[in-house]
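Undergrad: Provided herewith: structure_26.cif, mmCIF, C-alpha atoms.
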```
data_protein
loop_
_atom_site.group_PDB
_atom_site.id
_atom_site.type_symbol
_atom_site.label_atom_id
_atom_site.label_comp_id
_atom_site.auth_asym_id
_atom_site.auth_seq_id
_atom_site.Cartn_x
_atom_site.Cartn_y
_atom_site.Cartn_z
ATOM 1 C CA MET S 1 11.754 -24.972 11.466
ATOM 2 C CA GLU S 2 14.479 -22.700 10.144
ATOM 3 C CA PHE S 3 13.540 -19.072 9.630
ATOM 4 C CA THR S 4 15.059 -15.633 9.299
ATOM 5 C CA ILE S 5 13.749 -12.239 10.325
ATOM 6 C CA ARG S 6 14.207 -9.098 8.302
ATOM 7 C CA GLN S 7 12.939 -5.535 8.494
ATOM 8 C CA GLY S 8 9.962 -4.750 6.307
ATOM 9 C CA THR S 9 10.330 -2.209 3.511
ATOM 10 C CA GLU S 10 7.649 -0.161 1.778
ATOM 11 C CA GLU S 11 8.326 -1.275 -1.756
ATOM 12 C CA LYS S 12 8.559 -4.974 -1.091
ATOM 13 C CA ASP S 13 6.274 -5.662 1.833
ATOM 14 C CA PHE S 14 3.093 -3.588 1.742
ATOM 15 C CA SER S 15 0.915 -6.329 0.188
ATOM 16 C CA LEU S 16 2.536 -8.976 2.361
ATOM 17 C CA ILE S 17 1.738 -7.351 5.695
ATOM 18 C CA GLN S 18 -1.715 -6.427 4.420
ATOM 19 C CA ALA S 19 -2.405 -10.104 3.630
ATOM 20 C CA LEU S 20 -0.976 -11.337 6.942
ATOM 21 C CA ASN S 21 -3.008 -8.731 8.830
ATOM 22 C CA ALA S 22 -6.136 -9.869 6.956
ATOM 23 C CA ALA S 23 -5.434 -13.416 8.200
ATOM 24 C CA LEU S 24 -5.059 -12.034 11.732
ATOM 25 C CA PHE S 25 -8.404 -10.238 11.425
ATOM 26 C CA ALA S 26 -10.063 -13.421 10.125
ATOM 27 C CA GLU S 27 -8.882 -15.295 13.233
ATOM 28 C CA ASP S 28 -9.684 -12.417 15.599
ATOM 29 C CA ALA S 29 -13.280 -12.272 14.350
ATOM 30 C CA ALA S 30 -13.935 -15.285 16.600
ATOM 31 C CA HIS S 31 -13.140 -13.042 19.597
ATOM 32 C CA ASP S 32 -14.850 -9.820 18.476
ATOM 33 C CA ASN S 33 -18.230 -9.761 16.752
ATOM 34 C CA ALA S 34 -17.773 -6.036 16.006
ATOM 35 C CA LEU S 35 -14.452 -6.479 14.174
ATOM 36 C CA ASP S 36 -14.457 -5.088 10.640
ATOM 37 C CA THR S 37 -12.713 -7.924 8.806
ATOM 38 C CA HIS S 38 -12.493 -5.748 5.678
ATOM 39 C CA TRP S 39 -10.398 -3.107 7.482
ATOM 40 C CA PRO S 40 -7.064 -4.452 6.130
ATOM 41 C CA VAL S 41 -8.146 -3.484 2.586
ATOM 42 C CA SER S 42 -9.880 -0.240 3.578
ATOM 43 C CA VAL S 43 -8.437 3.212 2.931
ATOM 44 C CA GLU S 44 -7.629 3.487 6.647
ATOM 45 C CA GLY S 45 -5.967 0.068 6.644
ATOM 46 C CA VAL S 46 -3.851 0.916 3.603
ATOM 47 C CA GLU S 47 -2.742 4.169 5.257
ATOM 48 C CA TYR S 48 -1.833 2.271 8.441
ATOM 49 C CA TYR S 49 0.409 -0.232 6.621
ATOM 50 C CA MET S 50 2.110 2.488 4.576
ATOM 51 C CA LYS S 51 2.769 4.542 7.718
ATOM 52 C CA SER S 52 4.035 1.459 9.552
ATOM 53 C CA LEU S 53 6.555 0.791 6.793
ATOM 54 C CA MET S 54 7.683 4.419 6.429
ATOM 55 C CA ASP S 55 7.414 5.997 9.895
ATOM 56 C CA THR S 56 10.707 6.147 11.814
ATOM 57 C CA GLN S 57 8.679 5.836 15.041
ATOM 58 C CA LYS S 58 7.517 2.350 13.976
ATOM 59 C CA ILE S 59 9.142 -0.902 12.917
ATOM 60 C CA VAL S 60 7.958 -3.883 10.900
ATOM 61 C CA PHE S 61 9.736 -7.227 11.019
ATOM 62 C CA ILE S 62 8.893 -10.182 8.807
ATOM 63 C CA ALA S 63 9.795 -13.807 9.490
ATOM 64 C CA GLU S 64 10.468 -16.037 6.486
ATOM 65 C CA ASP S 65 11.168 -19.743 6.082
ATOM 66 C CA GLU S 66 14.126 -21.190 4.147
ATOM 67 C CA GLN S 67 12.330 -20.622 0.824
ATOM 68 C CA HIS S 68 11.644 -16.955 1.768
ATOM 69 C CA ASN S 69 7.938 -17.629 2.286
ATOM 70 C CA PRO S 70 6.448 -15.371 4.968
ATOM 71 C CA VAL S 71 5.566 -17.143 8.214
ATOM 72 C CA GLY S 72 4.832 -14.112 10.398
ATOM 73 C CA TYR S 73 5.178 -10.403 11.007
ATOM 74 C CA ILE S 74 5.134 -7.863 13.801
ATOM 75 C CA ILE S 75 4.534 -4.109 13.937
ATOM 76 C CA ALA S 76 5.631 -2.018 16.907
ATOM 77 C CA SER S 77 5.672 1.658 17.757
ATOM 78 C CA MET S 78 8.063 3.587 19.958
ATOM 79 C CA VAL S 79 5.527 6.405 20.463
ATOM 80 C CA ASN S 80 4.827 6.638 24.189
ATOM 81 C CA LYS S 81 1.540 4.770 24.683
ATOM 82 C CA TRP S 82 0.854 6.255 28.132
ATOM 83 C CA ARG S 83 2.008 9.868 28.360
ATOM 84 C CA TYR S 84 0.710 10.156 31.921
ATOM 85 C CA ARG S 85 3.064 7.446 33.233
ATOM 86 C CA THR S 86 6.668 7.965 34.324
ATOM 87 C CA VAL S 87 8.158 5.413 31.903
ATOM 88 C CA LYS S 88 8.207 5.462 28.122
ATOM 89 C CA THR S 89 6.085 2.587 26.862
ATOM 90 C CA GLY S 90 6.091 1.374 23.277
ATOM 91 C CA GLU S 91 3.354 -0.755 21.767
ATOM 92 C CA LEU S 92 3.306 -4.076 20.010
ATOM 93 C CA GLU S 93 0.544 -2.998 17.649
ATOM 94 C CA ASN S 94 -0.056 -6.307 15.915
ATOM 95 C CA MET S 95 1.589 -9.556 15.066
ATOM 96 C CA TYR S 96 0.648 -12.744 13.315
ATOM 97 C CA VAL S 97 2.325 -16.100 12.830
ATOM 98 C CA ILE S 98 0.765 -18.501 10.350
ATOM 99 C CA PRO S 99 -0.724 -21.571 12.056
ATOM 100 C CA ALA S 100 1.804 -24.001 10.529
ATOM 101 C CA ALA S 101 4.705 -22.011 12.046
ATOM 102 C CA ARG S 102 3.330 -21.581 15.560
ATOM 103 C CA LYS S 103 5.106 -23.065 18.596
ATOM 104 C CA GLN S 104 8.386 -23.097 16.687
ATOM 105 C CA GLY S 105 9.964 -19.940 18.080
ATOM 106 C CA VAL S 106 8.845 -17.509 15.371
ATOM 107 C CA GLY S 107 6.647 -15.365 17.624
ATOM 108 C CA ARG S 108 9.229 -15.293 20.404
ATOM 109 C CA ALA S 109 11.947 -14.251 17.933
ATOM 110 C CA LEU S 110 9.760 -11.475 16.504
ATOM 111 C CA ILE S 111 9.095 -10.110 19.989
ATOM 112 C CA GLU S 112 12.803 -10.234 20.835
ATOM 113 C CA LYS S 113 13.594 -8.219 17.691
ATOM 114 C CA ILE S 114 11.199 -5.437 18.652
ATOM 115 C CA LYS S 115 12.415 -5.443 22.255
ATOM 116 C CA ILE S 116 15.960 -4.845 21.019
ATOM 117 C CA TRP S 117 14.790 -2.114 18.640
ATOM 118 C CA LEU S 118 12.747 -0.390 21.363
ATOM 119 C CA LYS S 119 15.526 -0.600 23.979
ATOM 120 C CA SER S 120 17.940 1.042 21.540
ATOM 121 C CA ARG S 121 15.503 3.970 21.423
ATOM 122 C CA ARG S 122 15.277 4.289 25.212
ATOM 123 C CA VAL S 123 11.814 2.780 25.450
ATOM 124 C CA GLU S 124 11.471 1.157 28.879
ATOM 125 C CA ARG S 125 8.330 -0.935 28.563
ATOM 126 C CA LEU S 126 6.291 -2.696 25.895
ATOM 127 C CA TYR S 127 2.483 -2.813 25.867
ATOM 128 C CA VAL S 128 0.325 -5.341 24.034
ATOM 129 C CA SER S 129 -3.395 -5.999 24.125
ATOM 130 C CA ALA S 130 -5.184 -9.296 23.548
ATOM 131 C CA TYR S 131 -8.805 -10.292 23.556
ATOM 132 C CA ALA S 132 -9.852 -11.388 27.039
ATOM 133 C CA ASN S 133 -11.212 -14.678 25.690
ATOM 134 C CA ASN S 134 -8.127 -15.459 23.583
ATOM 135 C CA ALA S 135 -6.430 -17.745 26.093
ATOM 136 C CA ASP S 136 -3.747 -18.856 23.624
ATOM 137 C CA ALA S 137 -2.610 -15.284 22.915
ATOM 138 C CA ILE S 138 -2.625 -14.369 26.609
ATOM 139 C CA ALA S 139 -0.579 -17.448 27.490
ATOM 140 C CA PHE S 140 1.858 -16.685 24.656
ATOM 141 C CA TYR S 141 2.400 -13.100 25.785
ATOM 142 C CA LYS S 142 2.833 -14.127 29.424
ATOM 143 C CA ALA S 143 5.422 -16.708 28.348
ATOM 144 C CA ASN S 144 7.254 -13.860 26.598
ATOM 145 C CA GLY S 145 7.541 -11.611 29.637
ATOM 146 C CA PHE S 146 4.269 -9.687 29.574
ATOM 147 C CA ALA S 147 2.143 -9.329 32.713
ATOM 148 C CA SER S 148 -1.345 -7.929 33.193
ATOM 149 C CA TRP S 149 -1.437 -4.469 34.761
ATOM 150 C CA GLU S 150 -4.786 -3.135 33.553
ATOM 151 C CA THR S 151 -8.128 -4.482 32.413
ATOM 152 C CA GLY S 152 -9.992 -2.842 29.558
ATOM 153 C CA MET S 153 -13.753 -3.218 29.556
ATOM 154 C CA GLU S 154 -16.553 -2.446 27.117
ATOM 155 C CA ALA S 155 -20.321 -2.057 27.407
ATOM 156 C CA THR S 156 -22.821 -2.467 24.610
ATOM 157 C CA LEU S 157 -25.179 0.514 24.434
#
```
Hey, can you dump this file as structure tokens for me?

TA:
Amino acid sequence: MEFTIRQGTEEKDFSLIQALNAALFAEDAAHDNALDTHWPVSVEGVEYYMKSLMDTQKIVFIAEDEQHNPVGYIIASMVNKWRYRTVKTGELENMYVIPAARKQGVGRALIEKIKIWLKSRRVERLYVSAYANNADAIAFYKANGFASWETGMEATL
């Protein structure tokens, strides 16, 4: 599959990343029974996408096929995720590749783009979270240079 990656812009890409994030939430609902699948269209969700497209501390990249159809996106932040650590750590906040484009290098290329962007801003590490029972996502991130260093846990009250 041939594809290109471009930076997202507010005017052109708000609805696009909102729709791709809604698809991500629909898939993630299988891993989280408390996930609000309507969040992408909520006031908070709308504010998040607008900030992601406008904030100089964040970056949005969009992958498109030869016909300029979106096949994936990624949002990252250079804001130090862990202020109590000695290295500046950015965050891969969310990413999604449509099922038909998976295992064709799109996700890897999106991650490489944000790594380059973060390095140019003196960020030393990149954090990402994945659902513990999402074996495919965990395997993908490990194949792209991520390693476990913490375990988040939750209790139902």

Undergrad: Looking at S:Val43, S:Arg125, S:Lys119, S:Ala100, which one is nearest to S:Thr86, with distances taken over only C-alpha atoms?

TA: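 Result for the nearest residue to S:Thr86: S:Arg125.
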
Undergrad: Using all atoms listed in the file, determine which residues lie at most 12 Å from S:Ala19, disregarding the query and same-chain residues fewer than 3 positions distant; provide the list as an mmCIF file with C-alpha atoms, keeping the file's coordinate frame.

TA:
```
data_model
loop_
_atom_site.group_PDB
_atom_site.id
_atom_site.type_symbol
_atom_site.label_atom_id
_atom_site.label_comp_id
_atom_site.auth_asym_id
_atom_site.auth_seq_id
_atom_site.Cartn_x
_atom_site.Cartn_y
_atom_site.Cartn_z
ATOM 1 C CA ASP S 13 6.274 -5.662 1.833
ATOM 2 C CA PHE S 14 3.093 -3.588 1.742
ATOM 3 C CA SER S 15 0.915 -6.329 0.188
ATOM 4 C CA LEU S 16 2.536 -8.976 2.361
ATOM 5 C CA ALA S 22 -6.136 -9.869 6.956
ATOM 6 C CA ALA S 23 -5.434 -13.416 8.200
ATOM 7 C CA LEU S 24 -5.059 -12.034 11.732
ATOM 8 C CA PHE S 25 -8.404 -10.238 11.425
ATOM 9 C CA ALA S 26 -10.063 -13.421 10.125
ATOM 10 C CA THR S 37 -12.713 -7.924 8.806
ATOM 11 C CA HIS S 38 -12.493 -5.748 5.678
ATOM 12 C CA TRP S 39 -10.398 -3.107 7.482
ATOM 13 C CA PRO S 40 -7.064 -4.452 6.130
ATOM 14 C CA VAL S 41 -8.146 -3.484 2.586
ATOM 15 C CA GLY S 45 -5.967 0.068 6.644
ATOM 16 C CA VAL S 46 -3.851 0.916 3.603
ATOM 17 C CA TYR S 49 0.409 -0.232 6.621
ATOM 18 C CA PRO S 70 6.448 -15.371 4.968
ATOM 19 C CA VAL S 71 5.566 -17.143 8.214
ATOM 20 C CA GLY S 72 4.832 -14.112 10.398
ATOM 21 C CA TYR S 73 5.178 -10.403 11.007
ATOM 22 C CA TYR S 96 0.648 -12.744 13.315
ATOM 23 C CA VAL S 97 2.325 -16.100 12.830
ATOM 24 C CA ILE S 98 0.765 -18.501 10.350
#
```

Undergrad: Give the answer as one residue: which of S:Leu20, S:Leu118, S:Val60, S:Ala34 has the shortest atom-to-atom distance to S:Gly8, using all atoms listed in the file?

TA: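 Result for the nearest residue to S:Gly8: S:Val60.
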
Undergrad: Mind dumping a table of every stretch 97-143 of chain S residue within 10 Å of stretch 150-154 of chain S, with the nearest atom pair and its distance in Å to one decimal, using only C-alpha atoms, sorted by chain and rising number, as CSV?

TA:
```
residue,atom,partner,partner_atom,distance
S:Ser129,CA,S:Gly152,CA,9.1
S:Tyr131,CA,S:Gly152,CA,9.6
S:Ala132,CA,S:Gly152,CA,8.9
```

Undergrad: Could you produce a table of the residues of stretch 30-75 of chain S lying within 12 Å of stretch 120-123 of chain S, with the nearest pair of atoms per residue and their separation in Å rounded to one decimal, using only C-alpha atoms, ordered by chain and increasing residue number, as CSV?

TA:
```
residue,atom,partner,partner_atom,distance
S:Thr56,CA,S:Arg121,CA,11.0
S:Gln57,CA,S:Arg121,CA,9.5
S:Lys58,CA,S:Arg121,CA,11.0
S:Ile59,CA,S:Arg121,CA,11.7
```

Undergrad: Next, the residues of the selection above should be written as a PDB file, in the coordinates of the input with C-alpha atoms.

TA:
```
ATOM      1  CA  THR S  56      10.707   6.147  11.814  1.00  0.00           C
ATOM      2  CA  GLN S  57       8.679   5.836  15.041  1.00  0.00           C
ATOM      3  CA  LYS S  58       7.517   2.350  13.976  1.00  0.00           C
ATOM      4  CA  ILE S  59       9.142  -0.902  12.917  1.00  0.00           C
TER       5      ILE S  59
END
```

Undergrad: With all atoms listed in the file as the basis for distance, which of S:Leu53, S:Asn133, S:Arg6, S:Ile74 is at the shortest distance from S:Ala29?

TA: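 Between S:Leu53, S:Asn133, S:Arg6, S:Ile74, the residue approaching S:Ala29 most closely is S:Asn133.
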
Undergrad: Between atom CA of S:Lys113 and atom CA of S:Phe146, measure the distance and give it in Å to one decimal.

TA: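 Computed distance, atom CA of S:Lys113 to atom CA of S:Phe146, equals 15.2 Å.
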
Undergrad: What does the structure give for the distance between atom CA of S:Val128 and atom CA of S:Glu93, in Å to one decimal?

TA: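 Pair atom CA of S:Val128 / atom CA of S:Glu93 returns 6.8 Å.
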
Undergrad: Please return the centre and edge lengths, in Å to one decimal, of a box with edges along x, y and z that contains all listed atoms of stretch 38-51 of chain S, widened by 3 Å on every side, as lines of an AutoDock Vina configuration file.

TA:
```
center_x = -4.9
center_y = -0.6
center_z = 5.5
size_x = 21.3
size_y = 16.3
size_z = 11.9
```

Undergrad: Here is a test: counting all atoms listed in the file, which residue of S:Glu124, S:Lys115, S:Ala155, S:Ser52 is nearest to S:Ile17?

TA: S:Ser52

Undergrad: Which residues are close to S:Lys103, i.e. within 12 Å by only C-alpha atoms, leaving aside same-chain residues fewer than 3 positions away? Reply as a PDB file with C-alpha atoms, in the frame of the given file.

TA:
```
ATOM      1  CA  MET S   1      11.754 -24.972  11.466  1.00  0.00           C
ATOM      2  CA  VAL S  71       5.566 -17.143   8.214  1.00  0.00           C
ATOM      3  CA  VAL S  97       2.325 -16.100  12.830  1.00  0.00           C
ATOM      4  CA  ILE S  98       0.765 -18.501  10.350  1.00  0.00           C
ATOM      5  CA  PRO S  99      -0.724 -21.571  12.056  1.00  0.00           C
ATOM      6  CA  ALA S 100       1.804 -24.001  10.529  1.00  0.00           C
ATOM      7  CA  VAL S 106       8.845 -17.509  15.371  1.00  0.00           C
ATOM      8  CA  GLY S 107       6.647 -15.365  17.624  1.00  0.00           C
ATOM      9  CA  ARG S 108       9.229 -15.293  20.404  1.00  0.00           C
ATOM     10  CA  ALA S 109      11.947 -14.251  17.933  1.00  0.00           C
ATOM     11  CA  ASP S 136      -3.747 -18.856  23.624  1.00  0.00           C
ATOM     12  CA  ALA S 137      -2.610 -15.284  22.915  1.00  0.00           C
ATOM     13  CA  ALA S 139      -0.579 -17.448  27.490  1.00  0.00           C
ATOM     14  CA  PHE S 140       1.858 -16.685  24.656  1.00  0.00           C
ATOM     15  CA  ALA S 143       5.422 -16.708  28.348  1.00  0.00           C
TER      16      ALA S 143
END
```

Undergrad: Which residue out of S:Ala135, S:Ala130, S:Val87, S:Ile62 has the minimum interatomic distance to S:Phe3 when all atoms listed in the file are used?

TA: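 Once distances to S:Phe3 are computed over all atoms listed in the file, the minimum belongs to S:Ile62.
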
Undergrad: May I ask which of the residues S:Met54, S:Ile138, S:Gln67, S:Ala30 is the closest one to S:Gln7, counting only C-alpha atoms?

TA: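 Closest candidate: S:Met54.
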
Undergrad: Please write as a CSV table (one decimal) with C-alpha atoms, in the coordinates of the input the full residue list that the PyMOL selection byres ((chain S and resi 92) around 7) yields on this file.

TA:
```csv
chain,number,residue,atom,x,y,z
S,75,ILE,CA,4.5,-4.1,13.9
S,76,ALA,CA,5.6,-2.0,16.9
S,77,SER,CA,5.7,1.7,17.8
S,90,GLY,CA,6.1,1.4,23.3
S,91,GLU,CA,3.4,-0.8,21.8
S,93,GLU,CA,0.5,-3.0,17.6
S,94,ASN,CA,-0.1,-6.3,15.9
S,126,LEU,CA,6.3,-2.7,25.9
S,127,TYR,CA,2.5,-2.8,25.9
S,128,VAL,CA,0.3,-5.3,24.0
```

Undergrad: What is the distance, in Å and to one decimal place, between atom CA of S:Arg83 and atom CA of S:Asn144?

TA: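 So the answer is 24.4 Å.
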